[in-house]
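**Student:** The structure follows.
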Amino acid sequence: MLLVLCVDLDDDLGRKTGFSTPVIGRDAVEDAAVALATADPEDSDANVIFQGLHIYDDLDERDESVAVAVVTGNDDGDVQANREVGEEVDTVLASLSTAEDVTALVVTDGAQDESVIPIIRSRVPIDGVRRVVVRQAQNLESMYYTFKQVLDDPETRGTVLIPLGILLLIYPLALIGTLLDMPGFFLGTTSALLGLYLISRGLGLGDRLDATVERARRSLYAGRTTLLAYVVAAALLVIGGVSGLDALEAKQASTVGEVGVFVQLAALVFGSIQWFAAAGITTSLGQITDEYIAGTLEWRYLNAPFYVLAMAIVLHAVSAFFLDEVGIAYLAAALTAGTLLGIVSTLTFAVAESRFSEGGRQPDSASR
C-alpha cells in the first residue's frame, strides 16, 4: 500500500480550521482541504492537501492500493513540530488495516516542511517526495528558506556574517580615520581583526579556547589543585623571566666590550633557573595531589619533582660556570649530584612500585 502523506509542519490546518489531526481517509482529507482553502485562500498548505487528493485519485483509478492522510506539527519550533509529526505518522500507520507493506509518498510545500522527512523515514519507507509550490513563487521561497537556514545556524552565522560585517566596517572606519587624520590606523586595525578571525577559524582556535575554558571551569568546581598550581607556576615563570633579564643586564653592564651569545644565554638561565624550577615543582606536586585524590597515583609519578630539581642543579651549575661564578670542581660536583639524584629517584620509586604491586597494595591504599 502507498500512503500519500500530506505534511503541514506549522499546523495551519488545525489553527485556521479547528480540524483535529491527523486527518485520515479521502473524504475527511477533502473536507479539510476545502475548509483550509475557505479560511485562507492564500495558504500553500491547501495546495499540498489538494495535490495529495489528486495523487490519491490518480492511483485509485489504476486500482492500486492507496491511502491518503494529513499530518501536522505545531508552530512552537522545529524540534517540537517534528516530534508531533512523528507521533501523528504513528497514529496513521496504526489505523491502516492492511497486511500489505506500507510505503509513503510525502507531499510538502517547500524546504521547511521537508526537514521532517528523516522523522517519517524512520517509521515508514519513503518512495518519493512531491514538492508543491506556487509556480511564480518557487525561486523566491527557496531563496527565502535558504537564507533562513543560514541565519538559524550558529556555525554558519559565525563563518559568514562576521567577516562580512568586518568588511562592511572598512569604509565607515576609513571615513572616521580621515576625519581624525589617522586613516592608516583604522584600516590596519580592521584588516588585522579580519585576518586574526580568519586565522583562528582556519586553525580551529575558537574550539580549542572553548575546550580550555571548559576544562578550567570543571577543575575549579571539582577542587583540583592543578588549577591553583598552574596559576602559581605562571607567576613564578614571569618572575623568573624578569630575574633572568635583570641578570643579563647586570652582566652586560659589568662587561667591557661585546658579550658573547653563550654568556648572554648563561646569564638568562642563571638568573631565572631557580624560579623556573620552583614553577616545575609546583605544577608536578599539584598533579601528584590530584592523582592521589582520584586514586590513580602511581609511584613513578613521584619522580617528577626530583627530575625538575636535578635539571635545575645541572643548569644552574653550567650557567654559573660560563659566567665565571664557580670553578670546575663545583661544576663537576653539581653534574654528579644532579645525575645521582635522578638515578636514585628512579630506582627508589621503581622498587617501591614493584614491591607494593606484588603485595597487592596501591600507593593510596598504603598511605591510608
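Ligands are numbered from 1 in the order shown, chains are lettered A, B, ... in the order of the C-alpha cells, and residues start at 1 in each chain.
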At a cut-off of 10 Å, using only C-alpha atoms, what residues contact Ala277 of chain A? Leave out same-chain residues fewer than 3 positions from it and give the result as a PDB file with N, CA, C and O atoms, in the first residue's frame.

**Tutor:**
ATOM      1  N   ALA A 233      52.484  28.698  39.153  1.00  0.00           N
ATOM      2  CA  ALA A 233      53.613  28.454  38.256  1.00  0.00           C
ATOM      3  C   ALA A 233      53.737  29.560  37.213  1.00  0.00           C
ATOM      4  O   ALA A 233      54.847  29.975  36.868  1.00  0.00           O
ATOM      5  N   LEU A 236      55.405  32.401  38.839  1.00  0.00           N
ATOM      6  CA  LEU A 236      56.823  32.120  39.035  1.00  0.00           C
ATOM      7  C   LEU A 236      57.598  32.230  37.722  1.00  0.00           C
ATOM      8  O   LEU A 236      58.754  32.694  37.703  1.00  0.00           O
ATOM      9  N   LEU A 237      56.977  31.826  36.628  1.00  0.00           N
ATOM     10  CA  LEU A 237      57.642  31.943  35.326  1.00  0.00           C
ATOM     11  C   LEU A 237      57.854  33.408  34.947  1.00  0.00           C
ATOM     12  O   LEU A 237      58.899  33.770  34.391  1.00  0.00           O
ATOM     13  N   GLY A 240      60.635  34.650  37.043  1.00  0.00           N
ATOM     14  CA  GLY A 240      61.887  34.093  36.535  1.00  0.00           C
ATOM     15  C   GLY A 240      62.365  34.804  35.284  1.00  0.00           C
ATOM     16  O   GLY A 240      63.563  35.066  35.120  1.00  0.00           O
ATOM     17  N   SER A 272      67.231  32.992  36.094  1.00  0.00           N
ATOM     18  CA  SER A 272      65.834  32.547  36.093  1.00  0.00           C
ATOM     19  C   SER A 272      65.643  31.093  36.496  1.00  0.00           C
ATOM     20  O   SER A 272      64.512  30.688  36.784  1.00  0.00           O
ATOM     21  N   ILE A 273      66.698  30.288  36.532  1.00  0.00           N
ATOM     22  CA  ILE A 273      66.522  28.847  36.682  1.00  0.00           C
ATOM     23  C   ILE A 273      65.861  28.470  38.001  1.00  0.00           C
ATOM     24  O   ILE A 273      65.053  27.538  38.069  1.00  0.00           O
ATOM     25  N   GLN A 274      66.186  29.182  39.095  1.00  0.00           N
ATOM     26  CA  GLN A 274      65.592  28.813  40.376  1.00  0.00           C
ATOM     27  C   GLN A 274      64.084  29.054  40.383  1.00  0.00           C
ATOM     28  O   GLN A 274      63.315  28.288  40.978  1.00  0.00           O
ATOM     29  N   GLY A 280      58.169  24.392  38.013  1.00  0.00           N
ATOM     30  CA  GLY A 280      58.034  22.987  37.642  1.00  0.00           C
ATOM     31  C   GLY A 280      57.682  22.103  38.826  1.00  0.00           C
ATOM     32  O   GLY A 280      56.843  21.195  38.719  1.00  0.00           O
ATOM     33  N   ILE A 281      58.306  22.343  39.957  1.00  0.00           N
ATOM     34  CA  ILE A 281      57.999  21.551  41.155  1.00  0.00           C
ATOM     35  C   ILE A 281      56.565  21.805  41.618  1.00  0.00           C
ATOM     36  O   ILE A 281      55.847  20.879  42.025  1.00  0.00           O
ATOM     37  N   THR A 282      56.112  23.055  41.533  1.00  0.00           N
ATOM     38  CA  THR A 282      54.744  23.387  41.945  1.00  0.00           C
ATOM     39  C   THR A 282      53.711  22.653  41.098  1.00  0.00           C
ATOM     40  O   THR A 282      52.758  22.055  41.617  1.00  0.00           O
ATOM     41  N   PRO A 305      59.052  15.855  40.554  1.00  0.00           N
ATOM     42  CA  PRO A 305      59.739  16.973  41.231  1.00  0.00           C
ATOM     43  C   PRO A 305      61.233  16.745  41.396  1.00  0.00           C
ATOM     44  O   PRO A 305      62.021  17.702  41.335  1.00  0.00           O
ATOM     45  N   TYR A 307      63.170  15.066  39.264  1.00  0.00           N
ATOM     46  CA  TYR A 307      63.774  15.312  37.958  1.00  0.00           C
ATOM     47  C   TYR A 307      63.926  16.812  37.716  1.00  0.00           C
ATOM     48  O   TYR A 307      64.955  17.280  37.207  1.00  0.00           O
ATOM     49  N   VAL A 308      62.895  17.583  38.060  1.00  0.00           N
ATOM     50  CA  VAL A 308      62.969  19.037  37.890  1.00  0.00           C
ATOM     51  C   VAL A 308      64.116  19.611  38.717  1.00  0.00           C
ATOM     52  O   VAL A 308      64.896  20.448  38.248  1.00  0.00           O
ATOM     53  N   LEU A 309      64.238  19.149  39.971  1.00  0.00           N
ATOM     54  CA  LEU A 309      65.301  19.634  40.835  1.00  0.00           C
ATOM     55  C   LEU A 309      66.677  19.258  40.289  1.00  0.00           C
ATOM     56  O   LEU A 309      67.620  20.069  40.309  1.00  0.00           O
ATOM     57  N   ALA A 310      66.803  18.031  39.779  1.00  0.00           N
ATOM     58  CA  ALA A 310      68.083  17.596  39.230  1.00  0.00           C
ATOM     59  C   ALA A 310      68.487  18.427  38.018  1.00  0.00           C
ATOM     60  O   ALA A 310      69.644  18.860  37.883  1.00  0.00           O
ATOM     61  N   MET A 311      67.536  18.686  37.123  1.00  0.00           N
ATOM     62  CA  MET A 311      67.847  19.502  35.945  1.00  0.00           C
ATOM     63  C   MET A 311      68.188  20.931  36.350  1.00  0.00           C
ATOM     64  O   MET A 311      69.064  21.566  35.743  1.00  0.00           O
ATOM     65  N   ALA A 312      67.509  21.456  37.377  1.00  0.00           N
ATOM     66  CA  ALA A 312      67.808  22.805  37.830  1.00  0.00           C
ATOM     67  C   ALA A 312      69.222  22.897  38.378  1.00  0.00           C
ATOM     68  O   ALA A 312      69.942  23.883  38.132  1.00  0.00           O
ATOM     69  N   ILE A 313      69.642  21.883  39.128  1.00  0.00           N
ATOM     70  CA  ILE A 313      71.008  21.872  39.671  1.00  0.00           C
ATOM     71  C   ILE A 313      72.037  21.890  38.548  1.00  0.00           C
ATOM     72  O   ILE A 313      73.018  22.647  38.565  1.00  0.00           O
TER      73      ILE A 313
END

**Student:** Can you pull out every residue within 6 Å of Arg131 of chain A, counting only C-alpha atoms, but drop anything in the same chain fewer than 4 positions away, and send it as a PyMOL selection string?

**Tutor:** chain A and resi 107-110

**Student:** Residues at most 7 Å from Leu248 of chain A, counting only C-alpha atoms, excluding those fewer than 5 positions away in the same chain, as a PyMOL selection string?

**Tutor:** chain A and resi 264+267-268
